[in-house]
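K.L.:
First the structure, which I've put down as structure tokens, then a few questions once you've had a look.
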Amino acid sequence: KDSIQNSFDLPAATIFDASRAVLEEEGLIKMADKQKGILKAQVEGANVTVTIKQVTRRTVSLKVKARNDVYVPKIDVAQAIYTQIVDRL
């Protein structure tokens with residue numbers, strides 16, 4: 001397992017902005033596409049991907065995935081980033 005996922009009754013933009021702020025503080029953002037709801041960053045030697053998807057009219061899914069350069073899961077990094085994002089919501 002390399003990801004943490006949950007759903008929130010919040011606007012996708014709010015979750016995207018919180019995710020971006022955390023990734024800017026914790027690492028180096030490589031890609032941010034608000035339209036597609038995807039952020040990619042390098043954090044603590046791991047490639048982190050944050051995906052934000054509209055599930056229903058009110059509900060948005062947040063998924064944080066982390067792997068190192070040889071695709072080994074880094075669940076500890078994913079959990080740390082996920083927790084910081086949720087703390088900002």
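Residues in the structure tokens are numbered from 1 in each chain, the chains being A, B, ... in the order shown, and ligands are numbered from 1 in the order shown.
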I'd like the neighbourhood of A:Ala18 as a list of chain:residue names, where a residue qualifies if any of its atoms comes within 12 Å (using only C-alpha atoms), though same-chain residues fewer than 2 positions away should be ignored.
P.N.:
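Residues meeting the cut-off are A:Leu10, A:Pro11, A:Ala12, A:Ala13, A:Thr14, A:Ile15, A:Phe16, A:Arg20, A:Ala21, A:Val22, A:Leu23, A:Glu24, A:Glu25, A:Lys34, A:Leu39, A:Val50, A:Ile52, A:Leu62, A:Ile81, A:Tyr82, A:Thr83, A:Gln84, A:Ile85, A:Val86, A:Asp87, A:Arg88, A:Leu89.
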K.L.:
Filtering to N, CA and C atoms, could you give me those residues as a PDB file, in the first residue's frame?
P.N.:
ATOM      1  N   LEU A  10     -16.225  19.192   0.935  1.00  0.00           N
ATOM      2  CA  LEU A  10     -15.601  20.503   0.786  1.00  0.00           C
ATOM      3  C   LEU A  10     -15.364  20.758  -0.701  1.00  0.00           C
ATOM      4  N   PRO A  11     -15.237  22.036  -1.086  1.00  0.00           N
ATOM      5  CA  PRO A  11     -14.940  22.318  -2.493  1.00  0.00           C
ATOM      6  C   PRO A  11     -13.559  21.770  -2.889  1.00  0.00           C
ATOM      7  N   ALA A  12     -13.463  21.286  -4.113  1.00  0.00           N
ATOM      8  CA  ALA A  12     -12.193  20.754  -4.615  1.00  0.00           C
ATOM      9  C   ALA A  12     -11.098  21.809  -4.552  1.00  0.00           C
ATOM     10  N   ALA A  13     -11.431  23.058  -4.837  1.00  0.00           N
ATOM     11  CA  ALA A  13     -10.429  24.139  -4.826  1.00  0.00           C
ATOM     12  C   ALA A  13      -9.829  24.319  -3.434  1.00  0.00           C
ATOM     13  N   THR A  14     -10.639  24.176  -2.398  1.00  0.00           N
ATOM     14  CA  THR A  14     -10.153  24.308  -1.023  1.00  0.00           C
ATOM     15  C   THR A  14      -9.134  23.211  -0.711  1.00  0.00           C
ATOM     16  N   ILE A  15      -9.445  21.995  -1.114  1.00  0.00           N
ATOM     17  CA  ILE A  15      -8.545  20.867  -0.870  1.00  0.00           C
ATOM     18  C   ILE A  15      -7.272  21.017  -1.701  1.00  0.00           C
ATOM     19  N   PHE A  16      -7.408  21.460  -2.941  1.00  0.00           N
ATOM     20  CA  PHE A  16      -6.245  21.666  -3.813  1.00  0.00           C
ATOM     21  C   PHE A  16      -5.314  22.706  -3.204  1.00  0.00           C
ATOM     22  N   ARG A  20      -1.514  22.109  -1.991  1.00  0.00           N
ATOM     23  CA  ARG A  20      -0.408  22.858  -2.593  1.00  0.00           C
ATOM     24  C   ARG A  20       0.443  23.536  -1.521  1.00  0.00           C
ATOM     25  N   ALA A  21      -0.217  24.142  -0.533  1.00  0.00           N
ATOM     26  CA  ALA A  21       0.500  24.833   0.538  1.00  0.00           C
ATOM     27  C   ALA A  21       1.392  23.860   1.309  1.00  0.00           C
ATOM     28  N   VAL A  22       0.873  22.679   1.624  1.00  0.00           N
ATOM     29  CA  VAL A  22       1.659  21.669   2.350  1.00  0.00           C
ATOM     30  C   VAL A  22       2.849  21.219   1.510  1.00  0.00           C
ATOM     31  N   LEU A  23       2.607  20.916   0.240  1.00  0.00           N
ATOM     32  CA  LEU A  23       3.694  20.442  -0.620  1.00  0.00           C
ATOM     33  C   LEU A  23       4.757  21.506  -0.829  1.00  0.00           C
ATOM     34  N   GLU A  24       4.367  22.779  -0.899  1.00  0.00           N
ATOM     35  CA  GLU A  24       5.343  23.866  -1.034  1.00  0.00           C
ATOM     36  C   GLU A  24       6.237  23.946   0.199  1.00  0.00           C
ATOM     37  N   GLU A  25       5.659  23.721   1.375  1.00  0.00           N
ATOM     38  CA  GLU A  25       6.433  23.776   2.618  1.00  0.00           C
ATOM     39  C   GLU A  25       7.325  22.560   2.799  1.00  0.00           C
ATOM     40  N   LYS A  34      -4.633  22.500 -11.372  1.00  0.00           N
ATOM     41  CA  LYS A  34      -5.862  22.671 -10.592  1.00  0.00           C
ATOM     42  C   LYS A  34      -7.074  22.141 -11.354  1.00  0.00           C
ATOM     43  N   LEU A  39      -1.436  17.179  -8.196  1.00  0.00           N
ATOM     44  CA  LEU A  39      -0.195  17.818  -7.774  1.00  0.00           C
ATOM     45  C   LEU A  39       0.872  16.734  -7.681  1.00  0.00           C
ATOM     46  N   VAL A  50      -0.665  13.900  -5.386  1.00  0.00           N
ATOM     47  CA  VAL A  50      -1.933  14.206  -4.713  1.00  0.00           C
ATOM     48  C   VAL A  50      -2.984  14.317  -5.808  1.00  0.00           C
ATOM     49  N   ILE A  52      -7.119  14.949  -6.508  1.00  0.00           N
ATOM     50  CA  ILE A  52      -8.369  15.462  -5.955  1.00  0.00           C
ATOM     51  C   ILE A  52      -9.443  15.270  -7.020  1.00  0.00           C
ATOM     52  N   LEU A  62      -9.772  12.852  -1.799  1.00  0.00           N
ATOM     53  CA  LEU A  62      -8.372  13.258  -1.698  1.00  0.00           C
ATOM     54  C   LEU A  62      -7.531  11.995  -1.563  1.00  0.00           C
ATOM     55  N   ILE A  81       2.062  13.746   4.780  1.00  0.00           N
ATOM     56  CA  ILE A  81       1.518  14.793   3.901  1.00  0.00           C
ATOM     57  C   ILE A  81       0.003  14.835   4.035  1.00  0.00           C
ATOM     58  N   TYR A  82      -0.643  13.677   4.007  1.00  0.00           N
ATOM     59  CA  TYR A  82      -2.105  13.600   4.149  1.00  0.00           C
ATOM     60  C   TYR A  82      -2.554  14.270   5.454  1.00  0.00           C
ATOM     61  N   THR A  83      -1.906  13.954   6.553  1.00  0.00           N
ATOM     62  CA  THR A  83      -2.280  14.515   7.859  1.00  0.00           C
ATOM     63  C   THR A  83      -2.145  16.034   7.861  1.00  0.00           C
ATOM     64  N   GLN A  84      -1.088  16.541   7.271  1.00  0.00           N
ATOM     65  CA  GLN A  84      -0.903  17.996   7.229  1.00  0.00           C
ATOM     66  C   GLN A  84      -1.968  18.665   6.365  1.00  0.00           C
ATOM     67  N   ILE A  85      -2.349  18.028   5.260  1.00  0.00           N
ATOM     68  CA  ILE A  85      -3.399  18.594   4.411  1.00  0.00           C
ATOM     69  C   ILE A  85      -4.716  18.645   5.190  1.00  0.00           C
ATOM     70  N   VAL A  86      -5.087  17.530   5.816  1.00  0.00           N
ATOM     71  CA  VAL A  86      -6.352  17.458   6.557  1.00  0.00           C
ATOM     72  C   VAL A  86      -6.373  18.484   7.689  1.00  0.00           C
ATOM     73  N   ASP A  87      -5.236  18.699   8.342  1.00  0.00           N
ATOM     74  CA  ASP A  87      -5.157  19.702   9.412  1.00  0.00           C
ATOM     75  C   ASP A  87      -5.476  21.111   8.931  1.00  0.00           C
ATOM     76  N   ARG A  88      -5.305  21.358   7.632  1.00  0.00           N
ATOM     77  CA  ARG A  88      -5.564  22.698   7.071  1.00  0.00           C
ATOM     78  C   ARG A  88      -6.978  22.869   6.526  1.00  0.00           C
ATOM     79  N   LEU A  89      -7.751  21.792   6.507  1.00  0.00           N
ATOM     80  CA  LEU A  89      -9.099  21.872   5.951  1.00  0.00           C
ATOM     81  C   LEU A  89     -10.104  22.349   6.990  1.00  0.00           C
TER      82      LEU A  89
END
K.L.:
Quick check for you: according to DSSP on this backbone, which residues of chain A are classed as helix (DSSP H, G or I)? Reply as a ChimeraX atom specification.
P.N.:
/A:12-26,75-87
K.L.:
Those same residues, written as a CSV table (one decimal), in the first residue's frame with N, CA, C and O atoms?
P.N.:
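So the final result, stored in again10.csv, reads:
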chain,number,residue,atom,x,y,z
A,12,ALA,N,-13.5,21.3,-4.1
A,12,ALA,CA,-12.2,20.8,-4.6
A,12,ALA,C,-11.1,21.8,-4.6
A,12,ALA,O,-10.0,21.5,-4.2
A,13,ALA,N,-11.4,23.1,-4.8
A,13,ALA,CA,-10.4,24.1,-4.8
A,13,ALA,C,-9.8,24.3,-3.4
A,13,ALA,O,-8.6,24.6,-3.3
A,14,THR,N,-10.6,24.2,-2.4
A,14,THR,CA,-10.2,24.3,-1.0
A,14,THR,C,-9.1,23.2,-0.7
A,14,THR,O,-8.1,23.5,-0.1
A,15,ILE,N,-9.4,22.0,-1.1
A,15,ILE,CA,-8.5,20.9,-0.9
A,15,ILE,C,-7.3,21.0,-1.7
A,15,ILE,O,-6.2,20.8,-1.2
A,16,PHE,N,-7.4,21.5,-2.9
A,16,PHE,CA,-6.2,21.7,-3.8
A,16,PHE,C,-5.3,22.7,-3.2
A,16,PHE,O,-4.1,22.5,-3.1
A,17,ASP,N,-5.9,23.8,-2.8
A,17,ASP,CA,-5.1,24.9,-2.2
A,17,ASP,C,-4.3,24.5,-0.9
A,17,ASP,O,-3.2,24.8,-0.7
A,18,ALA,N,-5.0,23.7,-0.1
A,18,ALA,CA,-4.4,23.2,1.2
A,18,ALA,C,-3.3,22.2,0.8
A,18,ALA,O,-2.2,22.3,1.4
A,19,SER,N,-3.5,21.4,-0.2
A,19,SER,CA,-2.5,20.4,-0.6
A,19,SER,C,-1.3,21.1,-1.2
A,19,SER,O,-0.1,20.8,-0.9
A,20,ARG,N,-1.5,22.1,-2.0
A,20,ARG,CA,-0.4,22.9,-2.6
A,20,ARG,C,0.4,23.5,-1.5
A,20,ARG,O,1.7,23.5,-1.6
A,21,ALA,N,-0.2,24.1,-0.5
A,21,ALA,CA,0.5,24.8,0.5
A,21,ALA,C,1.4,23.9,1.3
A,21,ALA,O,2.6,24.2,1.6
A,22,VAL,N,0.9,22.7,1.6
A,22,VAL,CA,1.7,21.7,2.3
A,22,VAL,C,2.8,21.2,1.5
A,22,VAL,O,4.0,21.2,2.0
A,23,LEU,N,2.6,20.9,0.2
A,23,LEU,CA,3.7,20.4,-0.6
A,23,LEU,C,4.8,21.5,-0.8
A,23,LEU,O,5.9,21.2,-0.9
A,24,GLU,N,4.4,22.8,-0.9
A,24,GLU,CA,5.3,23.9,-1.0
A,24,GLU,C,6.2,23.9,0.2
A,24,GLU,O,7.4,24.2,0.1
A,25,GLU,N,5.7,23.7,1.4
A,25,GLU,CA,6.4,23.8,2.6
A,25,GLU,C,7.3,22.6,2.8
A,25,GLU,O,8.4,22.7,3.3
A,26,GLU,N,6.9,21.4,2.4
A,26,GLU,CA,7.5,20.1,2.7
A,26,GLU,C,8.5,19.7,1.6
A,26,GLU,O,9.3,18.8,1.9
A,75,ILE,N,4.8,4.8,2.5
A,75,ILE,CA,3.5,5.1,3.1
A,75,ILE,C,3.7,6.2,4.3
A,75,ILE,O,2.8,6.9,4.5
A,76,ASP,N,4.8,6.1,4.9
A,76,ASP,CA,5.1,7.1,6.0
A,76,ASP,C,5.0,8.5,5.5
A,76,ASP,O,4.5,9.4,6.1
A,77,VAL,N,5.6,8.8,4.3
A,77,VAL,CA,5.6,10.1,3.7
A,77,VAL,C,4.2,10.5,3.3
A,77,VAL,O,3.7,11.6,3.5
A,78,ALA,N,3.5,9.5,2.7
A,78,ALA,CA,2.1,9.8,2.2
A,78,ALA,C,1.2,10.1,3.5
A,78,ALA,O,0.4,11.1,3.4
A,79,GLN,N,1.4,9.4,4.6
A,79,GLN,CA,0.6,9.6,5.8
A,79,GLN,C,0.9,11.0,6.3
A,79,GLN,O,0.0,11.8,6.7
A,80,ALA,N,2.2,11.4,6.4
A,80,ALA,CA,2.6,12.7,6.9
A,80,ALA,C,2.0,13.8,6.1
A,80,ALA,O,1.4,14.8,6.7
A,81,ILE,N,2.1,13.7,4.8
A,81,ILE,CA,1.5,14.8,3.9
A,81,ILE,C,0.0,14.8,4.0
A,81,ILE,O,-0.6,15.9,4.2
A,82,TYR,N,-0.6,13.7,4.0
A,82,TYR,CA,-2.1,13.6,4.1
A,82,TYR,C,-2.6,14.3,5.5
A,82,TYR,O,-3.5,15.1,5.5
A,83,THR,N,-1.9,14.0,6.6
A,83,THR,CA,-2.3,14.5,7.9
A,83,THR,C,-2.1,16.0,7.9
A,83,THR,O,-3.0,16.7,8.4
A,84,GLN,N,-1.1,16.5,7.3
A,84,GLN,CA,-0.9,18.0,7.2
A,84,GLN,C,-2.0,18.7,6.4
A,84,GLN,O,-2.4,19.8,6.7
A,85,ILE,N,-2.3,18.0,5.3
A,85,ILE,CA,-3.4,18.6,4.4
A,85,ILE,C,-4.7,18.6,5.2
A,85,ILE,O,-5.4,19.7,5.2
A,86,VAL,N,-5.1,17.5,5.8
A,86,VAL,CA,-6.4,17.5,6.6
A,86,VAL,C,-6.4,18.5,7.7
A,86,VAL,O,-7.4,19.1,8.0
A,87,ASP,N,-5.2,18.7,8.3
A,87,ASP,CA,-5.2,19.7,9.4
A,87,ASP,C,-5.5,21.1,8.9
A,87,ASP,O,-5.9,22.0,9.7
K.L.:
From a DSSP pass on the backbone, collect the residues of chain A flagged as strand (DSSP E or B) and hand them back as a PyMOL selection string.
P.N.:
chain A and resi 3-8+28-33+38-43+46-54+60-67+73
K.L.:
Between A:Val55, A:Ser61, A:Met31, A:Arg67, which is the closest to A:Val43 once you count only C-alpha atoms?
P.N.:
A:Arg67
